[in-house]
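A.B. asks: Input file: run.cif. Contents: mmCIF, C-alpha atoms and all ligand atoms.
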```cif
data_final
#
loop_
_atom_site.label_atom_id
_atom_site.label_comp_id
_atom_site.auth_asym_id
_atom_site.auth_seq_id
_atom_site.Cartn_x
_atom_site.Cartn_y
_atom_site.Cartn_z
CA MET V 10 0.00 0.00 0.00
CA LEU V 11 1.30 3.47 -0.84
CA ILE V 12 2.00 5.87 2.00
CA ALA V 13 2.88 9.52 1.40
CA ASP V 14 6.53 10.46 1.88
CA ARG V 15 5.68 13.39 4.14
CA VAL V 16 4.02 10.98 6.58
CA LEU V 17 6.72 8.33 6.31
CA ARG V 18 9.28 11.02 7.15
CA LEU V 19 7.48 11.90 10.40
CA SER V 20 8.94 10.52 13.61
CA GLU V 21 6.83 9.22 16.47
CA SER V 22 6.61 11.60 19.43
CA ALA V 23 9.37 10.56 21.88
CA THR V 24 7.14 11.58 24.80
CA ILE V 25 4.41 9.22 23.74
CA ALA V 26 6.93 6.43 23.04
CA VAL V 27 8.50 6.74 26.51
CA GLY V 28 5.03 6.78 28.11
CA ALA V 29 4.09 3.59 26.28
CA ARG V 30 7.29 1.79 27.33
CA ALA V 31 6.92 2.90 30.96
CA ASN V 32 3.29 1.74 31.01
CA ALA V 33 4.20 -1.62 29.48
CA LEU V 34 6.76 -2.17 32.24
CA LYS V 35 4.26 -1.06 34.92
CA ALA V 36 1.76 -3.57 33.54
CA THR V 37 4.23 -6.37 34.32
CA GLY V 38 4.18 -5.25 37.96
CA LYS V 39 7.41 -3.24 37.95
CA ASP V 40 7.66 -0.19 40.25
CA VAL V 41 8.33 2.35 37.49
CA ILE V 42 8.64 6.03 38.45
CA ALA V 43 7.56 8.11 35.47
CA PHE V 44 8.84 11.60 34.73
CA GLY V 45 7.77 11.25 31.11
CA MET V 46 4.35 12.65 30.36
CA GLY V 47 3.82 16.39 30.19
CA GLU V 48 0.46 16.54 31.88
CA PRO V 49 -0.84 17.57 35.29
CA ASP V 50 -1.41 14.62 37.62
CA PHE V 51 -4.55 16.35 38.96
CA VAL V 52 -8.07 15.44 37.87
CA THR V 53 -9.96 18.30 36.20
CA PRO V 54 -11.62 20.44 38.93
CA GLU V 55 -15.10 19.26 39.80
CA PRO V 56 -17.13 22.33 38.70
CA ILE V 57 -15.65 22.01 35.21
CA ARG V 58 -16.50 18.30 35.05
CA ARG V 59 -20.03 19.08 36.30
CA ALA V 60 -20.54 21.69 33.57
CA ALA V 61 -19.80 19.09 30.87
CA ILE V 62 -22.09 16.54 32.52
CA ALA V 63 -24.87 19.14 32.68
CA GLY V 64 -24.25 19.90 29.00
CA LEU V 65 -24.70 16.24 28.11
CA GLU V 66 -27.82 15.98 30.24
CA LYS V 67 -29.25 19.05 28.53
CA GLY V 68 -28.83 17.25 25.22
CA LEU V 69 -25.86 19.17 23.81
CA THR V 70 -25.12 16.26 21.52
CA HIS V 71 -25.37 17.85 18.08
CA TYR V 72 -22.82 19.62 15.92
CA ALA V 73 -21.82 23.06 17.15
CA PRO V 74 -20.45 25.81 14.90
CA THR V 75 -16.91 24.90 13.76
CA PRO V 76 -15.04 27.55 15.83
CA GLY V 77 -17.18 26.94 18.94
CA ASP V 78 -20.50 28.26 20.21
CA LYS V 79 -21.11 31.93 20.97
CA ALA V 80 -20.74 31.62 24.76
CA SER V 81 -17.40 29.80 24.74
CA ARG V 82 -15.82 32.05 22.10
CA GLU V 83 -17.02 35.05 24.12
CA ALA V 84 -15.53 33.59 27.31
CA ILE V 85 -12.17 33.12 25.56
CA ALA V 86 -12.17 36.59 23.97
CA ASN V 87 -13.10 38.14 27.35
CA LYS V 88 -10.28 36.26 29.07
CA LEU V 89 -7.76 37.38 26.43
CA ASN V 90 -8.87 41.01 26.67
CA ARG V 91 -9.07 41.05 30.46
CA GLU V 92 -6.04 38.99 31.50
CA ASN V 93 -3.72 39.17 28.50
CA HIS V 94 -4.57 42.65 27.18
CA ILE V 95 -5.06 41.24 23.70
CA ALA V 96 -7.57 43.36 21.81
CA CYS V 97 -9.80 40.78 20.14
CA LYS V 98 -13.40 39.82 19.46
CA PRO V 99 -15.08 36.40 19.69
CA GLU V 100 -14.94 36.05 15.89
CA HIS V 101 -11.14 36.12 16.03
CA VAL V 102 -11.15 32.96 18.15
CA SER V 103 -11.47 29.32 17.14
CA ILE V 104 -11.66 26.44 19.59
CA THR V 105 -9.64 23.42 18.52
CA ALA V 106 -9.00 19.80 19.49
CA GLY V 107 -6.11 20.75 21.78
CA ALA V 108 -3.43 23.37 21.30
CA LYS V 109 -1.55 20.94 19.04
CA HIS V 110 -4.43 21.07 16.56
CA ALA V 111 -4.39 24.88 16.77
CA LEU V 112 -0.66 24.88 15.94
CA TYR V 113 -1.11 22.35 13.14
CA MET V 114 -3.77 24.49 11.47
CA THR V 115 -1.89 27.74 12.07
CA LEU V 116 1.17 26.39 10.27
CA GLN V 117 -0.94 24.90 7.48
CA CYS V 118 -2.54 28.31 6.95
CA LEU V 119 0.79 30.14 7.07
CA LEU V 120 3.06 27.99 4.89
CA ASP V 121 3.15 26.61 1.37
CA SER V 122 5.33 23.75 0.15
CA GLY V 123 8.19 24.55 -2.18
CA LYS V 124 8.43 28.25 -1.42
CA GLY V 125 11.48 28.03 0.84
CA GLN V 126 9.60 29.54 3.76
CA GLU V 127 11.37 29.45 7.11
CA VAL V 128 10.02 29.35 10.64
CA ILE V 129 12.37 30.38 13.44
CA LEU V 130 12.29 28.19 16.52
CA PRO V 131 14.25 29.03 19.69
CA THR V 132 15.52 25.71 21.01
CA PRO V 133 15.39 23.50 23.04
CA ALA V 134 11.73 23.47 22.01
CA TRP V 135 8.71 21.22 22.35
CA LEU V 136 9.28 18.28 20.04
CA SER V 137 6.15 18.69 17.91
CA TYR V 138 6.97 22.13 16.50
CA LYS V 139 9.55 20.95 13.98
CA PRO V 140 7.41 18.14 12.50
CA LEU V 141 4.40 20.49 12.39
CA ILE V 142 6.45 23.10 10.50
CA GLU V 143 7.85 20.52 8.10
CA ILE V 144 4.58 18.79 7.35
CA ALA V 145 3.19 22.20 6.40
CA GLY V 146 6.06 22.61 3.90
CA GLY V 147 8.29 24.99 5.87
CA ARG V 148 11.89 24.79 7.02
CA CYS V 149 12.60 24.94 10.72
CA VAL V 150 15.44 27.32 11.63
CA GLU V 151 16.68 26.52 15.11
CA VAL V 152 18.10 29.26 17.32
CA PRO V 153 19.94 27.47 20.11
CA SER V 154 20.35 28.15 23.82
CA THR V 155 22.18 26.25 26.55
CA VAL V 156 22.25 25.68 30.30
CA GLY V 157 24.82 28.49 30.36
CA THR V 158 22.32 31.00 28.94
CA GLY V 159 19.51 29.76 31.18
CA TYR V 160 17.82 28.34 28.05
CA LYS V 161 17.17 31.81 26.73
CA ILE V 162 18.07 33.17 23.32
CA THR V 163 19.10 36.81 22.92
CA PRO V 164 17.42 39.49 20.77
CA LYS V 165 20.66 39.52 18.73
CA GLN V 166 20.32 35.83 17.94
CA LEU V 167 16.70 36.37 16.92
CA GLU V 168 17.63 39.29 14.66
CA ALA V 169 20.47 37.30 13.05
CA ALA V 170 18.14 34.40 12.23
CA ILE V 171 15.63 36.56 10.33
CA THR V 172 15.98 36.44 6.52
CA PRO V 173 13.71 37.52 3.66
CA ASN V 174 12.41 33.90 3.72
CA THR V 175 11.39 34.05 7.37
CA THR V 176 7.65 33.56 7.42
CA GLY V 177 7.11 32.93 11.10
CA VAL V 178 8.69 32.70 14.51
CA ILE V 179 7.39 30.52 17.32
CA ILE V 180 7.85 31.85 20.83
CA ASN V 181 6.89 29.46 23.61
CA SER V 182 7.18 31.13 26.99
CA PRO V 183 6.93 29.49 29.50
CA SER V 184 8.76 26.73 27.68
CA ASN V 185 8.40 23.02 27.33
CA PRO V 186 10.97 21.41 27.80
CA CYS V 187 13.10 24.11 29.47
CA GLY V 188 10.77 24.95 32.37
CA VAL V 189 11.67 28.62 32.10
CA ALA V 190 9.78 31.76 31.17
CA TYR V 191 11.23 34.93 29.74
CA ARG V 192 10.99 38.04 31.89
CA THR V 193 8.84 40.93 30.68
CA GLU V 194 11.84 43.02 29.68
CA GLU V 195 13.20 40.12 27.62
CA ILE V 196 9.88 39.78 25.80
CA GLU V 197 9.94 43.55 25.17
CA ALA V 198 13.39 43.24 23.61
CA PHE V 199 12.11 40.52 21.23
CA VAL V 200 9.20 42.78 20.30
CA GLN V 201 11.61 45.56 19.38
CA VAL V 202 13.39 43.18 16.99
CA LEU V 203 10.17 41.80 15.53
CA ALA V 204 8.76 45.30 15.02
CA ARG V 205 11.60 45.90 12.53
CA HIS V 206 10.58 42.89 10.39
CA PRO V 207 6.94 43.29 9.36
CA HIS V 208 7.04 40.26 7.03
CA VAL V 209 7.33 37.91 10.03
CA THR V 210 4.23 36.36 11.61
CA VAL V 211 4.59 35.72 15.33
CA ILE V 212 3.14 32.53 16.80
CA ALA V 213 2.94 32.84 20.58
CA ASP V 214 2.31 29.51 22.28
CA GLU V 215 1.20 30.56 25.75
CA ILE V 216 -0.22 27.26 26.96
CA TYR V 217 1.84 27.36 30.18
CA GLU V 218 1.09 31.03 30.97
CA LYS V 219 -0.60 30.18 34.29
CA LEU V 220 2.27 28.06 35.58
CA LEU V 221 4.74 30.75 36.60
CA TYR V 222 6.58 30.74 39.92
CA PRO V 223 7.39 34.23 41.16
CA GLU V 224 8.06 32.61 44.55
CA ILE V 225 11.15 31.13 42.83
CA GLU V 226 12.00 34.07 40.59
CA PRO V 227 10.62 37.26 42.15
CA GLY V 228 8.84 39.63 39.79
CA LEU V 229 8.16 36.99 37.15
CA ARG V 230 4.85 37.55 35.35
CA HIS V 231 3.36 36.66 32.02
CA ARG V 232 3.26 39.17 29.19
CA SER V 233 1.48 38.19 25.97
CA LEU V 234 3.22 39.04 22.71
CA ALA V 235 -0.10 39.99 21.11
CA SER V 236 -0.56 42.71 23.75
CA PHE V 237 2.17 44.81 22.09
CA PRO V 238 0.59 47.15 19.54
CA GLU V 239 3.78 47.05 17.40
CA ILE V 240 3.18 43.39 16.47
CA ALA V 241 -0.44 42.73 17.55
CA GLU V 242 -1.75 42.69 13.97
CA ARG V 243 0.53 39.80 12.98
CA THR V 244 0.65 37.83 16.21
CA ILE V 245 -1.32 34.62 16.55
CA THR V 246 -1.89 33.45 20.11
CA ILE V 247 -2.17 29.74 20.85
CA ASN V 248 -3.48 28.62 24.20
CA GLY V 249 -5.77 26.00 25.69
CA MET V 250 -7.21 24.32 28.73
CA SER V 251 -4.86 21.33 28.92
CA LYS V 252 -2.18 22.48 31.32
CA ALA V 253 -3.69 25.22 33.50
CA PHE V 254 -7.00 23.45 34.15
CA ALA V 255 -5.70 19.84 34.11
CA MET V 256 -7.79 19.08 31.02
CA THR V 257 -5.31 17.27 28.75
CA GLY V 258 -7.71 14.45 27.96
CA TRP V 259 -10.54 16.79 26.99
CA ARG V 260 -8.65 18.09 23.96
CA VAL V 261 -9.46 21.79 24.14
CA GLY V 262 -7.15 24.40 22.69
CA TYR V 263 -7.76 27.70 20.97
CA ILE V 264 -6.26 30.17 18.58
CA CYS V 265 -6.77 33.92 18.51
CA ALA V 266 -5.82 35.92 15.41
CA PRO V 267 -7.32 39.42 15.49
CA GLY V 268 -5.10 40.92 12.77
CA GLU V 269 -6.55 42.43 9.58
CA GLY V 270 -10.07 42.19 10.95
CA GLY V 271 -9.66 38.49 11.69
CA ARG V 272 -8.71 37.42 8.13
CA PHE V 273 -6.33 34.68 9.31
CA ALA V 274 -8.90 33.32 11.78
CA LYS V 275 -11.52 33.19 9.02
CA GLU V 276 -9.26 31.18 6.71
CA LEU V 277 -8.23 28.87 9.54
CA ILE V 278 -11.87 28.21 10.43
CA LYS V 279 -12.44 27.28 6.76
CA LEU V 280 -9.66 24.69 7.05
CA GLN V 281 -11.05 23.46 10.37
CA GLY V 282 -14.48 23.06 8.80
CA GLN V 283 -12.99 20.62 6.29
CA MET V 284 -10.90 18.89 8.91
CA THR V 285 -12.57 18.29 12.28
CA ASN V 286 -15.45 20.76 12.57
CA GLY V 287 -15.96 21.92 16.14
CA ILE V 288 -14.97 20.08 19.30
CA ALA V 289 -17.57 18.10 21.30
CA THR V 290 -20.53 20.41 21.90
CA PHE V 291 -21.17 19.44 25.54
CA ILE V 292 -17.61 20.47 26.43
CA MET V 293 -18.27 24.08 25.52
CA PRO V 294 -20.09 24.97 28.79
CA ALA V 295 -17.09 23.52 30.64
CA ILE V 296 -14.82 26.01 28.89
CA VAL V 297 -17.05 28.85 30.03
CA GLU V 298 -17.10 27.50 33.59
CA ALA V 299 -13.29 27.12 33.69
CA LEU V 300 -12.55 30.58 32.32
CA THR V 301 -15.19 32.29 34.45
CA ASN V 302 -14.84 30.55 37.80
CA GLY V 303 -11.73 28.38 37.64
CA ALA V 304 -9.06 30.78 38.94
CA ASP V 305 -8.91 29.37 42.49
CA ASP V 306 -8.38 25.83 41.25
CA VAL V 307 -5.65 26.99 38.86
CA GLU V 308 -3.90 28.78 41.73
CA ARG V 309 -4.17 25.71 44.00
CA MET V 310 -2.46 23.55 41.36
CA ARG V 311 0.09 26.25 40.54
CA GLN V 312 1.23 26.37 44.16
CA VAL V 313 1.77 22.62 44.17
CA PHE V 314 3.82 22.80 40.97
CA ALA V 315 5.91 25.64 42.43
CA ARG V 316 6.74 23.47 45.45
CA ARG V 317 7.68 20.56 43.19
CA ALA V 318 9.81 22.84 40.98
CA ARG V 319 11.89 23.67 44.06
CA LEU V 320 12.04 20.08 45.20
CA ILE V 321 13.14 18.55 41.91
CA HIS V 322 15.75 21.25 41.34
CA GLU V 323 17.19 20.74 44.84
CA ARG V 324 17.50 17.04 44.14
CA LEU V 325 18.72 17.12 40.55
CA SER V 326 21.36 19.73 41.27
CA THR V 327 23.02 17.40 43.78
CA ILE V 328 23.89 15.00 40.92
CA PRO V 329 27.46 15.98 40.03
CA ARG V 330 27.22 14.77 36.41
CA PHE V 331 24.09 16.85 35.68
CA ARG V 332 23.98 20.55 34.83
CA CYS V 333 20.59 22.10 35.49
CA VAL V 334 18.76 25.37 35.00
CA ARG V 335 16.43 26.18 37.90
CA PRO V 336 12.83 25.88 36.61
CA ASN V 337 10.73 29.00 37.16
CA ALA V 338 7.68 27.90 35.13
CA ALA V 339 5.73 25.01 33.57
CA PHE V 340 6.55 21.56 35.01
CA TYR V 341 9.82 20.53 33.45
CA SER V 342 13.47 20.29 34.33
CA PHE V 343 15.85 19.70 31.44
CA PRO V 344 19.31 18.79 32.72
CA ASP V 345 22.36 18.56 30.48
CA ILE V 346 23.61 15.00 31.02
CA GLY V 347 26.58 15.33 28.64
CA GLU V 348 28.97 14.14 31.38
CA CYS V 349 27.15 10.79 31.48
CA LEU V 350 27.57 10.05 27.78
CA GLY V 351 30.42 7.87 26.58
CA ARG V 352 30.15 5.79 29.78
CA THR V 353 28.95 2.28 30.69
CA THR V 354 25.90 1.60 32.84
CA PRO V 355 25.83 -0.68 35.90
CA GLY V 356 24.07 -3.22 33.63
CA GLY V 357 26.95 -3.10 31.15
CA LYS V 358 25.41 -0.94 28.39
CA ARG V 359 27.45 1.70 26.60
CA ILE V 360 25.55 5.03 26.43
CA GLU V 361 26.39 7.53 23.72
CA THR V 362 23.07 9.39 23.33
CA PRO V 363 20.25 10.66 25.56
CA GLY V 364 18.03 8.01 23.93
CA GLN V 365 20.36 5.25 25.11
CA PHE V 366 20.62 6.95 28.51
CA ALA V 367 16.81 7.04 28.85
CA ASP V 368 16.41 3.42 27.70
CA ALA V 369 19.02 2.13 30.12
CA LEU V 370 17.69 4.25 33.00
CA LEU V 371 14.24 2.77 32.46
CA ASP V 372 15.49 -0.81 32.12
CA GLU V 373 17.96 -0.74 34.98
CA ALA V 374 16.60 1.82 37.48
CA LEU V 375 12.90 1.83 36.47
CA VAL V 376 12.79 5.59 35.96
CA ALA V 377 11.20 7.06 32.81
CA VAL V 378 12.50 10.33 31.31
CA VAL V 379 12.22 11.76 27.78
CA PRO V 380 15.46 11.88 25.74
CA GLY V 381 16.41 15.31 24.44
CA GLU V 382 17.32 14.58 20.80
CA ASP V 383 13.93 15.63 19.40
CA PHE V 384 13.90 18.95 21.27
CA GLY V 385 16.56 20.44 18.97
CA HIS V 386 20.20 20.08 17.92
CA CYS V 387 21.33 21.89 21.06
CA ALA V 388 19.40 19.38 23.22
CA ARG V 389 21.40 16.35 22.16
CA SER V 390 22.96 15.86 25.56
CA HIS V 391 19.80 16.42 27.61
CA VAL V 392 16.85 14.56 29.07
CA ARG V 393 13.53 15.95 30.24
CA PHE V 394 11.98 15.33 33.64
CA SER V 395 8.32 16.29 34.03
CA PHE V 396 7.61 17.08 37.68
CA ALA V 397 3.85 16.81 37.27
CA CYS V 398 3.89 13.91 39.71
CA ALA V 399 3.69 13.35 43.47
CA ASP V 400 6.43 14.82 45.70
CA GLU V 401 7.17 11.32 46.96
CA ASN V 402 7.87 10.14 43.40
CA ILE V 403 10.22 13.07 42.90
CA VAL V 404 12.18 12.18 46.03
CA ARG V 405 12.31 8.42 45.37
CA GLY V 406 12.80 8.78 41.63
CA ILE V 407 15.66 11.27 41.74
CA ASP V 408 17.37 9.22 44.47
CA ARG V 409 17.28 6.26 42.08
CA VAL V 410 18.64 8.39 39.23
CA ALA V 411 21.44 9.77 41.43
CA GLU V 412 22.49 6.33 42.57
CA TRP V 413 22.43 4.92 39.02
CA VAL V 414 24.33 7.87 37.56
CA ALA V 415 26.99 7.58 40.28
CA ARG V 416 27.62 3.98 39.15
CA LEU V 417 28.31 4.89 35.49
CA THR V 418 31.91 4.08 34.62
N1 LIG U 1 2.37 23.54 23.23
C1 LIG U 1 3.26 23.09 24.13
C2 LIG U 1 4.46 23.91 24.42
C3 LIG U 1 3.05 21.87 24.78
O1 LIG U 1 3.95 21.43 25.69
C4 LIG U 1 1.90 21.11 24.46
C5 LIG U 1 1.67 19.80 25.09
O2 LIG U 1 2.51 19.17 25.66
C6 LIG U 1 1.01 21.63 23.53
C7 LIG U 1 1.27 22.84 22.93
C8 LIG U 1 -0.21 20.87 23.13
O3 LIG U 1 -1.21 20.93 24.07
P1 LIG U 1 -2.59 20.16 23.89
O4 LIG U 1 -2.53 18.98 24.78
O5 LIG U 1 -3.64 21.16 24.29
O6 LIG U 1 -2.72 19.77 22.45
#
```
Could you render the structure from this file as C-alpha cells?
C.D. replies:
Amino acid sequence: MLIADRVLRLSESATIAVGARANALKATGKDVIAFGMGEPDFVTPEPIRRAAIAGLEKGLTHYAPTPGDKASREAIANKLNRENHIACKPEHVSITAGAKHALYMTLQCLLDSGKGQEVILPTPAWLSYKPLIEIAGGRCVEVPSTVGTGYKITPKQLEAAITPNTTGVIINSPSNPCGVAYRTEEIEAFVQVLARHPHVTVIADEIYEKLLYPEIEPGLRHRSLASFPEIAERTITINGMSKAFAMTGWRVGYICAPGEGGRFAKELIKLQGQMTNGIATFIMPAIVEALTNGADDVERMRQVFARRARLIHERLSTIPRFRCVRPNAAFYSFPDIGECLGRTTPGGKRIETPGQFADALLDEALVAVVPGEDFGHCARSHVRFSFACADENIVRGIDRVAEWVARLT
C-alpha cells in the first residue's frame, strides 16, 4: 500500500513512546517512576466536570459551529482582553482539538510547500513544532540556547536568524521542555526586533502562561506578545485548557488571530471546517465555567507545581554529572547530562546518546524520562523530567537516578 513520503518522514513523538514503554513495564508489575508525560497529575476540577455533565444531560449532543459556540468564544475573547490585554473579538477565536491542533492548522494556513519559507524556533523546544512546520512545507530554523544562557536566546540571535524567507517565529514562553519563562523586559526586547521585520508572523504559544513561579524568581509575570501594539496585527496566540486546568484528555485548545479584521482566523476556520469541525458540543459549557470561575483551582495547582519545581531542582542539582537550570515555570526540568555520555551503565550498556541513557535508566533503574534529541540540535545531551507527579515520586525517583548515575563508569 502506498503511503505519502511526508508521513513516512514523520517521527513518532518521543514523549508518547516513553510513556508507552513505561506503562508496558508497569503492567508487568514493575515499580516504574515516570517523569515522562507532560500533563498535570490532577483530575480536572469538579465544577468544570459538572458543567460538561450538565451539558450532556441538557442534550448538547449535536454539531456546534466549527469555531465553537457563541458563549465559549465570548468567554475566551473576554479572558484574552481582560487577562492578556489582547484586543480581540469572539470572531477572532477558534476552539480546537487541543493546542496541538491549533498549531497544526496555524502552520498549514501560514506555509506553502516549495516556497522556501522558514520558521524560526528558539531551542530546546517542544518536540512537535519541527514536524508540524515541516509537514506544512516549511523549514525549521533553530536558534539554540544552553544551560549556560539559562535556556534563553538573545534578541541579537533572533535578529540574526531573520531572513527575507522568514515567514514565522514561534515563541513558547513558558517553555516546554526548558521549564523557564522569559521576563517581561526580555519579551519587550524581542518585540523591538520583531517590530523591525513586518514580514514575520509571530506565533505565541502561551499554553503554560498560568504556571509561573514568582516565589522562585521574584517579579516573574506573564506578558502576551499579542498585547504589544507594534506586532499585535501579525501575532497569533495559541493557548488551551490542557495544562492550567488539568484538562489534557478533553482536547481543548484555541487560537486567537485578530489581525486584519480576523482574516487569518476566518481562513483557519475554513480549514477546520474541512478537517474536524468543532470540538464536542457538551464540552463548551465547561470552557465557560473554567474561564469564568476556575481561577482558584488553577492557583491551587500552581502552588503545588511551584513546590515541586523547588524540590526537583534541589535534588537534581546534587547530581554531580548533571547541569541544570532552575525551573521557574511550567513543570519541566531539562538537565544537560553530557557528562554521562560515553560511559557504561551498571548493567553493562554503553551510552552515547540521551536516547540510550533514557532506555538504560528505564530498564535498569525503572525511571522514565524523555530523551532530548527531538527537542533540537542543542538538546542532544539532555533529558527531560516532568515534575507533574507526586512529591514522593520526585524524592524516590531522583534518588534512584542519582544512585544509578553515580555507578556509570
Ligand atoms: N504547546 C506546548 C508547548 C506543549 O507542551 C503542548 C503539550 O505538551 C502543547 C502545545 C499541546 O497541548 P494540547 O494537549 O492542548 O494539544
A.B. asks: As a count of residues only, please: every protein or nucleic acid residue near ligand LIG 1 (chain U) (cut-off 7 Å, counting all atoms listed in the file).
C.D. replies: 19
A.B. asks: Neighbours of Asp383 (chain V) within 7 Å (all atoms listed in the file; same-chain residues fewer than 2 positions away dropped), as a count of residues only?
C.D. replies: 3
A.B. asks: Restricting the calculation to all atoms listed in the file: of V:Cys149, V:Leu277, V:Ile95, V:Cys333, which residue gets closest to Ile240 (chain V)?
C.D. replies: V:Ile95
A.B. asks: Between V:Pro380, V:Gly270, V:Gly188, V:Pro294, single out the one closest to Tyr217 (chain V), counting all atoms listed in the file.
C.D. replies: V:Gly188
A.B. asks: Just the residues within 9 Å of Arg317 (chain V), please, counting all atoms listed in the file, with nothing from its chain fewer than 6 positions along; format it as a list in words.
C.D. replies: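 Within the cut-off, the hits are Phe340, Phe396, Ala397, Cys398, Ala399, Asp400 and Ile403 of chain V.
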A.B. asks: Kindly indicate which residue among V:Phe254, V:Thr155, V:Lys124, V:Leu221 lies nearest to Glu298 (chain V), using only C-alpha atoms for the distances.
C.D. replies: V:Phe254
A.B. asks: Tell me which of V:His101, V:Arg319, V:Arg59, V:Arg393 sits closest to Glu242 (chain V), counting all atoms listed in the file.
C.D. replies: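 When distances to Glu242 (chain V) are compared using all atoms listed in the file, the smallest one comes from V:His101.
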A.B. asks: Rounded to one decimal, what separation in Å do you get between CA of Arg15 (chain V) and CA of Leu119 (chain V)?
C.D. replies: 17.7 Å
A.B. asks: Hey, can you check how far CA of Val297 (chain V) sits from CA of Ala61 (chain V)?
C.D. replies: 10.2 Å
A.B. asks: State, in Å with one decimal place, the distance from CA of Glu195 (chain V) to CA of Thr158 (chain V).
C.D. replies: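 Taking CA of Glu195 (chain V) and CA of Thr158 (chain V), their separation equals 13.0 Å.
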A.B. asks: So which one's closest to Asn32 (chain V), V:Gly45, V:Gly268, V:Gln312, V:Ile407? Using all atoms listed in the file, please.
C.D. replies: V:Gly45
A.B. asks: I'd like the neighbourhood of Arg232 (chain V) as a ChimeraX atom specification, where a residue qualifies if any of its atoms comes within 10 Å (using all atoms listed in the file), though same-chain residues fewer than 6 positions away should be ignored.
C.D. replies: /V:92-94,182,191-194,196-197,215,218
A.B. asks: Rank V:Lys79, V:Ile278, V:Val334, V:Leu370 by their smallest atom-to-atom distance to Lys161 (chain V), using all atoms listed in the file, and report the top residue only.
C.D. replies: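 For Lys161 (chain V), the nearest of the candidates is V:Val334.
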